[in-house]
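Text of entry-v9.cif (mmCIF, C-alpha atoms) as supplied:
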```
data_target
loop_
_atom_site.label_atom_id
_atom_site.label_comp_id
_atom_site.auth_asym_id
_atom_site.auth_seq_id
_atom_site.Cartn_x
_atom_site.Cartn_y
_atom_site.Cartn_z
CA MET G 1 -89.09 -9.94 -32.65
CA ASN G 2 -85.92 -11.19 -34.26
CA GLU G 3 -86.76 -9.46 -37.52
CA ARG G 4 -87.24 -6.14 -35.74
CA PHE G 5 -83.92 -6.51 -33.93
CA ASP G 6 -82.19 -7.28 -37.26
CA GLU G 7 -83.68 -4.18 -38.77
CA GLN G 8 -82.51 -2.02 -35.88
CA LEU G 9 -78.98 -3.45 -36.14
CA LYS G 10 -78.82 -2.74 -39.92
CA GLN G 11 -80.00 0.81 -39.26
CA ALA G 12 -77.34 1.33 -36.61
CA LEU G 13 -74.53 -0.10 -38.72
CA ARG G 14 -75.40 1.50 -42.01
CA PRO G 15 -72.55 3.34 -43.74
CA VAL G 16 -72.66 7.06 -43.01
CA ASP G 17 -70.79 9.68 -44.99
CA PRO G 18 -68.52 11.50 -42.44
CA GLY G 19 -68.57 14.66 -44.50
CA GLU G 20 -66.02 16.43 -46.62
CA ASP G 21 -64.03 17.97 -43.71
CA PHE G 22 -63.60 14.66 -41.82
CA THR G 23 -59.96 14.09 -42.89
CA ALA G 24 -59.06 17.69 -42.14
CA ARG G 25 -60.55 17.43 -38.61
CA VAL G 26 -58.70 14.15 -37.87
CA MET G 27 -55.35 15.59 -39.05
CA ALA G 28 -55.90 18.75 -36.98
CA ARG G 29 -56.50 16.68 -33.83
CA VAL G 30 -53.44 14.46 -34.46
CA THR G 31 -51.20 17.53 -34.85
CA SER G 32 -52.64 19.04 -31.68
CA ASN G 33 -51.94 15.83 -29.65
CA VAL G 34 -48.32 15.55 -30.90
CA THR G 35 -47.66 19.16 -29.90
CA SER G 36 -49.05 18.62 -26.41
CA ILE G 37 -46.89 15.47 -25.96
CA GLN G 38 -43.79 17.42 -27.05
CA ARG G 39 -44.66 20.19 -24.61
CA ARG G 40 -44.87 17.69 -21.73
CA ARG G 41 -41.18 16.48 -22.31
CA SER G 42 -38.59 17.83 -19.88
CA PRO G 43 -36.89 21.01 -21.07
CA LEU G 44 -33.54 19.46 -19.93
CA ILE G 45 -34.01 16.54 -22.31
CA ALA G 46 -34.97 18.92 -25.08
CA VAL G 47 -31.73 20.87 -24.56
CA LEU G 48 -29.48 17.92 -23.60
CA PRO G 49 -30.80 14.84 -25.39
CA TRP G 50 -27.87 12.74 -24.02
CA ALA G 51 -28.70 13.58 -20.38
CA PRO G 52 -30.60 10.31 -19.61
CA ALA G 53 -27.71 8.22 -20.94
CA ALA G 54 -25.21 10.25 -18.89
CA LEU G 55 -27.37 9.88 -15.78
CA ALA G 56 -27.61 6.14 -16.25
CA ALA G 57 -23.83 5.89 -16.75
CA SER G 58 -23.21 7.95 -13.60
CA LEU G 59 -25.49 5.70 -11.58
CA LEU G 60 -23.73 2.59 -12.86
CA MET G 61 -20.32 4.11 -12.06
CA ALA G 62 -21.45 5.06 -8.54
CA ILE G 63 -22.69 1.51 -7.92
CA PHE G 64 -19.43 0.06 -9.28
CA MET G 65 -17.25 2.41 -7.19
CA THR G 66 -19.20 1.68 -4.02
CA HIS G 67 -18.76 -2.02 -4.65
CA ASP G 68 -15.04 -1.59 -5.39
CA GLN G 69 -14.39 0.34 -2.17
CA HIS G 70 -16.21 -2.16 -0.04
CA PRO G 71 -13.08 -4.11 1.05
CA VAL G 72 -11.50 -0.88 2.36
CA GLU G 73 -14.31 -0.59 4.84
CA ASP G 74 -14.19 -4.26 5.77
CA PRO G 75 -13.21 -4.22 9.46
CA GLN G 76 -11.64 -7.67 9.27
CA ALA G 77 -9.32 -6.64 6.42
CA GLY G 78 -8.53 -3.35 8.15
CA LEU G 79 -7.61 -5.03 11.43
CA ARG G 80 -5.52 -7.58 9.57
CA ALA G 81 -3.66 -4.76 7.78
CA ARG G 82 -3.09 -3.04 11.12
CA GLU G 83 -1.67 -6.22 12.65
CA GLN G 84 0.63 -6.66 9.65
CA LEU G 85 1.81 -3.07 9.92
CA LEU G 86 2.62 -3.41 13.62
CA GLU G 87 4.43 -6.70 13.02
CA ALA G 88 6.44 -5.19 10.14
CA LEU G 89 7.47 -2.23 12.27
CA ARG G 90 8.35 -4.55 15.16
CA VAL G 91 10.68 -6.61 12.95
CA THR G 92 12.22 -3.48 11.41
CA SER G 93 12.77 -1.86 14.78
CA GLU G 94 14.35 -5.03 16.16
CA LYS G 95 16.88 -5.24 13.31
CA LEU G 96 17.63 -1.51 13.44
CA ASP G 97 18.22 -1.84 17.15
CA ILE G 98 21.06 -4.30 16.56
CA ALA G 99 22.82 -1.79 14.29
CA TYR G 100 22.19 1.13 16.64
CA GLN G 101 23.55 -0.83 19.59
CA VAL G 102 26.75 -1.59 17.71
CA VAL G 103 27.29 2.00 16.63
CA HIS G 104 26.46 3.16 20.14
CA ASN G 105 28.89 0.70 21.76
CA GLU G 106 31.62 1.62 19.30
CA THR G 107 31.16 5.29 20.00
CA HIS G 108 31.44 4.66 23.72
CA ALA G 109 34.49 2.44 23.24
CA ASP G 110 36.18 5.19 21.19
CA SER G 111 35.49 7.84 23.82
CA ASP G 112 36.66 5.52 26.65
CA ALA G 113 39.92 4.82 24.78
CA GLY G 114 40.42 8.53 24.19
CA ALA G 115 39.92 9.38 27.87
CA MET H 1 31.00 12.27 18.22
CA ASN H 2 27.69 10.91 19.48
CA LEU H 3 25.47 8.39 17.75
CA ARG H 4 23.10 10.84 16.12
CA THR H 5 25.88 13.11 14.89
CA ARG H 6 27.65 10.13 13.43
CA LEU H 7 24.57 8.85 11.61
CA ALA H 8 23.73 12.34 10.40
CA ALA H 9 27.28 12.73 9.07
CA LEU H 10 26.96 9.39 7.32
CA LEU H 11 23.69 10.41 5.71
CA MET H 12 25.17 13.69 4.51
CA LEU H 13 28.21 11.91 3.11
CA ILE H 14 26.04 9.42 1.28
CA SER H 15 23.66 12.05 -0.04
CA ALA H 16 26.59 14.02 -1.42
CA SER H 17 27.87 11.03 -3.32
CA ALA H 18 24.52 9.68 -4.48
CA GLY H 19 24.39 9.57 -8.23
CA ALA H 20 21.73 11.12 -10.41
CA ALA H 21 20.41 7.69 -11.29
CA SER H 22 17.94 6.70 -8.59
CA PRO H 23 16.93 3.07 -8.54
CA GLU H 24 13.45 1.84 -7.79
CA PRO H 25 13.28 1.71 -3.98
CA LYS H 26 10.94 -1.28 -4.14
CA LEU H 27 13.01 -4.45 -4.32
CA LEU H 28 12.06 -7.60 -6.17
CA LEU H 29 11.89 -10.03 -3.29
CA PRO H 30 11.98 -13.76 -4.06
CA GLU H 31 8.89 -15.76 -3.14
CA PHE H 32 10.86 -18.22 -0.95
CA ALA H 33 7.91 -20.56 -1.45
CA ALA H 34 9.99 -23.66 -0.68
CA LEU H 35 10.98 -22.22 2.69
CA GLU H 36 7.43 -21.97 4.00
CA GLU H 37 7.42 -25.70 4.86
CA LYS H 38 11.02 -25.82 6.09
CA ALA H 39 10.75 -22.84 8.40
CA ALA H 40 9.71 -23.13 12.02
CA GLU H 41 8.32 -19.63 11.70
CA ALA H 42 7.64 -17.63 8.55
CA VAL H 43 6.56 -14.02 8.40
CA THR H 44 5.60 -12.54 5.05
CA ILE H 45 4.19 -9.04 5.09
CA THR H 46 3.15 -7.14 1.99
CA LEU H 47 1.73 -3.70 2.62
CA ASP H 48 1.22 -1.73 -0.57
CA PRO H 49 -0.06 1.90 -0.50
CA ALA H 50 -3.70 0.76 -0.39
CA LEU H 51 -3.14 -1.61 2.52
CA LEU H 52 -1.03 0.96 4.37
CA GLY H 53 -3.91 3.42 4.03
CA MET H 54 -6.33 0.80 5.27
CA ALA H 55 -4.10 -0.08 8.23
CA ALA H 56 -3.79 3.61 9.15
CA LYS H 57 -7.57 3.88 9.42
CA PHE H 58 -7.63 1.11 12.01
CA LEU H 59 -4.84 2.45 14.24
CA ASP H 60 -6.04 3.43 17.68
CA PRO H 61 -4.75 6.92 18.58
CA ASN H 62 -5.12 6.06 22.29
CA ASN H 63 -2.75 3.12 22.01
CA PRO H 64 0.93 4.25 22.25
CA GLU H 65 2.07 1.52 19.84
CA ASP H 66 -0.52 2.54 17.27
CA ALA H 67 0.21 6.24 17.72
CA ALA H 68 3.94 5.63 17.14
CA ALA H 69 3.17 3.57 14.05
CA ARG H 70 0.99 6.37 12.66
CA GLU H 71 3.90 8.82 13.00
CA VAL H 72 6.22 6.53 11.05
CA LEU H 73 3.63 5.93 8.33
CA THR H 74 3.75 9.50 7.05
CA GLY H 75 5.40 9.48 3.65
CA LEU H 76 5.61 5.70 3.33
CA GLN H 77 4.37 3.95 0.21
CA GLY H 78 4.98 0.35 1.09
CA ILE H 79 6.45 -2.06 3.63
CA TYR H 80 7.56 -5.53 2.62
CA VAL H 81 8.97 -8.07 5.08
CA LYS H 82 10.12 -11.64 4.70
CA SER H 83 11.43 -13.32 7.80
CA TYR H 84 12.11 -17.02 8.38
CA THR H 85 13.29 -18.90 11.46
CA PHE H 86 14.58 -22.48 11.23
CA GLU H 87 15.38 -25.27 13.66
CA SER H 88 18.79 -26.02 12.12
CA ASP H 89 21.66 -23.93 10.81
CA PHE H 90 21.87 -22.44 7.31
CA VAL H 91 19.04 -24.33 5.66
CA TYR H 92 17.95 -21.23 3.79
CA PRO H 93 19.28 -20.52 0.29
CA LYS H 94 22.05 -17.96 0.70
CA ALA H 95 22.08 -17.48 -3.07
CA GLU H 96 18.53 -16.08 -2.96
CA VAL H 97 19.54 -13.64 -0.21
CA ASP H 98 22.61 -12.66 -2.23
CA ARG H 99 20.35 -11.98 -5.22
CA VAL H 100 18.56 -9.37 -3.12
CA ARG H 101 21.92 -7.93 -2.03
CA LYS H 102 22.83 -7.60 -5.70
CA GLN H 103 19.84 -5.32 -6.29
CA LEU H 104 21.19 -3.14 -3.51
CA SER H 105 24.55 -2.79 -5.21
CA SER H 106 22.99 -0.73 -8.01
CA PRO H 107 23.68 3.04 -8.07
CA GLY H 108 21.47 5.05 -5.77
CA TRP H 109 21.42 2.46 -3.01
CA SER H 110 24.02 3.02 -0.31
CA ARG H 111 25.00 0.79 2.58
CA LEU H 112 24.49 2.79 5.72
CA VAL H 113 25.57 0.25 8.32
CA GLU H 114 27.24 -3.14 8.17
CA VAL H 115 27.28 -5.27 11.29
CA ARG H 116 29.25 -8.52 11.45
CA SER H 117 29.25 -10.71 14.55
CA LYS H 118 31.77 -13.54 14.25
CA LYS H 119 30.71 -15.37 17.37
CA GLU H 120 26.99 -15.32 16.67
CA GLN H 121 27.49 -15.32 12.89
CA ALA H 122 24.92 -12.56 12.78
CA ASN H 123 25.05 -10.00 10.01
CA VAL H 124 22.93 -6.91 9.61
CA ASP H 125 23.19 -4.63 6.61
CA ILE H 126 21.16 -1.46 6.33
CA TYR H 127 20.85 0.18 2.95
CA ILE H 128 19.23 3.45 2.06
CA SER H 129 18.01 4.74 -1.29
CA LEU H 130 18.52 8.46 -1.69
CA ASP H 131 17.25 10.95 -4.20
CA GLY H 132 19.45 13.97 -3.58
CA ASN H 133 19.29 14.27 0.19
CA LYS H 134 15.85 12.73 0.45
CA ALA H 135 15.42 9.11 1.53
CA ARG H 136 13.25 7.17 -0.90
CA GLY H 137 13.61 3.73 0.57
CA LEU H 138 15.25 1.52 3.14
CA ALA H 139 16.38 -2.09 3.04
CA ILE H 140 17.56 -4.30 5.87
CA ILE H 141 19.09 -7.71 5.40
CA ALA H 142 19.70 -9.54 8.65
CA THR H 143 21.05 -13.06 8.66
CA GLU H 144 21.85 -15.49 11.43
CA PRO H 145 22.49 -19.23 11.16
CA ARG H 146 18.85 -20.03 11.89
CA GLU H 147 17.13 -16.90 10.77
CA PHE H 148 17.07 -14.43 7.96
CA THR H 149 15.03 -11.30 7.52
CA ILE H 150 14.63 -8.93 4.63
CA VAL H 151 12.82 -5.63 5.14
CA ASN H 152 12.08 -3.19 2.35
CA ILE H 153 10.42 0.11 3.15
CA VAL H 154 9.42 2.33 0.24
CA GLY H 155 8.96 6.07 0.74
CA SER H 156 10.52 8.80 2.82
CA VAL H 157 11.91 6.93 5.79
CA ASP H 158 12.76 8.51 9.13
CA LEU H 159 15.29 6.15 10.72
CA ASP H 160 15.16 7.97 14.01
CA LYS H 161 11.40 7.52 14.30
CA LEU H 162 11.70 3.89 13.27
CA HIS H 163 14.29 3.21 15.91
CA LYS H 164 12.26 5.02 18.56
CA LEU H 165 9.53 2.43 17.99
CA GLU H 166 11.78 -0.05 19.76
CA GLY H 167 10.78 1.11 23.22
CA LYS H 168 7.10 1.18 22.33
CA PHE H 169 7.02 -2.28 20.81
CA GLY H 170 8.92 -3.84 23.71
CA VAL H 171 11.62 -5.38 21.52
CA PRO H 172 13.97 -7.37 23.76
CA ASP H 173 17.73 -6.87 23.79
CA LEU H 174 19.05 -9.66 21.60
CA GLU H 175 22.29 -10.13 23.57
CA LEU H 176 24.35 -10.39 20.42
CA GLU H 177 28.07 -9.98 20.54
CA ARG H 178 28.48 -6.98 18.30
CA ASN H 179 32.20 -7.01 17.93
CA LYS H 180 32.50 -5.28 14.63
CA ALA H 181 30.58 -2.53 13.03
CA VAL H 182 31.62 -1.03 9.77
CA PRO H 183 29.47 1.88 8.83
CA ALA H 184 30.15 1.84 5.14
CA GLN H 185 29.46 3.96 2.16
CA LYS H 186 29.27 2.37 -1.24
#
```
Exercise: express the given structure as structure tokens:
Amino acid sequence: MNERFDEQLKQALRPVDPGEDFTARVMARVTSNVTSIQRRRSPLIAVLPWAPAALAASLLMAIFMTHDQHPVEDPQAGLRAREQLLEALRVTSEKLDIAYQVVHNETHADSDAGA
Amino acid sequence: MNLRTRLAALLMLISASAGAASPEPKLLLPEFAALEEKAAEAVTITLDPALLGMAAKFLDPNNPEDAAAREVLTGLQGIYVKSYTFESDFVYPKAEVDRVRKQLSSPGWSRLVEVRSKKEQANVDIYISLDGNKARGLAIIATEPREFTIVNIVGSVDLDKLHKLEGKFGVPDLELERNKAVPAQK
């Protein structure tokens, strides 16, 4: 039984001449596959080959900018800035008030003396 | 001549004499790092354009104080305040304060008001930086034996609006003896 199986295996694996047009047929199929792959590529990429790189750069920039602006939207920082602003205006107003009072008093003193 | 007319006349006089050279309205304020420990109370406020913008977003339009602050903010590019209060007299370095005054003696800065109180030894000087007839900055140096304050506002300042904040912020009357006021033009 083993001998018969060996014989069958030799028959199946015997060298076979593919024919004279084998190379031509293989090359024709390869060319056809390459063309179909090229056809499947996006027309945008065909026209703008740098588009993927630009898209990737834009995405990176958007991520970076969102990250950079994060503190502006931080409520704690915003409320702290507001408190600082109100305190600064309070101090400024207080010091301006001293000067205004003096000018005001002087003006009144001048008009009283003139009367 | 009432108060507003007098201040307006002063501003016009100063604007007419302001030179072409306009100094930077942002002053170089000393760090006063050594004073932080000495002072009973220290207030350091640094609000650059970014922080001013951020603060504006958090102002409550329904709060009168916030609404008044928003009005003043228009045109401002920065507010810088350094204020120190001490428990004993004249422990702060007058030389450092004078160094700030020196910056204000450069062309373009004009002293708008000078207040000297002999009894209280309180001095308030208000300086304004003008570009033509447009205010570009304001500086206030207020000194008392136990307190000194430097305020620097950068941008188009409306003194009238700033002063009107007084009522809204509930600033108390300081009961100073204001026996001499010399509105001066440099």
- Identify the residues within 10 Å of coordinate (-0.8, -3.1, 14.2) (same frame as the file), considering all atoms listed in the file, and give the answer as a ChimeraX atom specification. /G:78-90 /H:55-56,58-60,65-66,69-70
- atom CA of H:Leu52 and atom CA of H:Glu71 are how many Å apart? 12.7 Å
- Choose the residue, out of H:Arg99, H:Arg111, H:Lys26, H:Lys134, that has the smallest atom-to-atom separation from H:Val81; count only C-alpha atoms.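 Comparing H:Arg99, H:Arg111, H:Lys26, H:Lys134 against H:Val81, the winner is H:Lys26.
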- Can you work out the spacing between atom CA of H:Val43 and atom CA of H:Lys94 in Å, to one decimal?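 According to the coordinates, atom CA of H:Val43 and atom CA of H:Lys94 are separated by 17.7 Å.
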- Query: Do you know which residues the PyMOL selection byres ((chain H and resi 100) around 8) returns on this file, as a list in words?
  - Reply: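 Checking the PyMOL selection byres ((chain H and resi 100) around 8) against this file, the residues are Leu27, Leu28, Leu29, Pro30, Glu96, Val97, Asp98, Arg99, Arg101, Lys102, Gln103 and Leu104 of chain H.
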- Item | Matched chain/residue IDs from the PyMOL selection byres ((chain H and resi 78) around 7), as a PyMOL selection string | chain H and resi 47-49+52+76-77+79-80+153-155
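In this model, the gap between atom CA of G:Asp17 and atom CA of G:Glu3 comes to 26.0 Å.
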- Using all atoms listed in the file, the best pick from H:Gln121, H:Thr149, H:Ser106, H:Ser156 as closest to H:Phe86 would be H:Thr149
Produce the centre coordinates and the three edge lengths, each in Å to one decimal, of the box along x, y and z that contains all listed atoms of stretch 115-120 of chain H with 4 Å added on each side, as AutoDock Vina command-line options.
```
--center_x 29.4 --center_y -10.3 --center_z 14.3 --size_x 12.8 --size_y 18.1 --size_z 14.1
```
- Query: What residues have an atom no more than 10 Å from (16.2, -1.5, 12.5) in the file's own frame, counting all atoms listed in the file, and can you write them as a VMD selection string?
  - Reply: (chain G and resid 89 to 100) or (chain H and resid 124 to 126 138 to 142 151 159 to 160 162 to 166)
- With distances taken over all atoms listed in the file, the candidate from H:Asn62, H:Ser129, H:Thr74, H:Ser83 nearest chain G is H:Ser83
- Task: Find the residue from G:Arg25, G:Arg4, G:Arg14, G:His104 that sits nearest to chain H; use all atoms listed in the file when measuring.
- Result: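 Between G:Arg25, G:Arg4, G:Arg14, G:His104, the residue approaching chain H most closely is G:His104.
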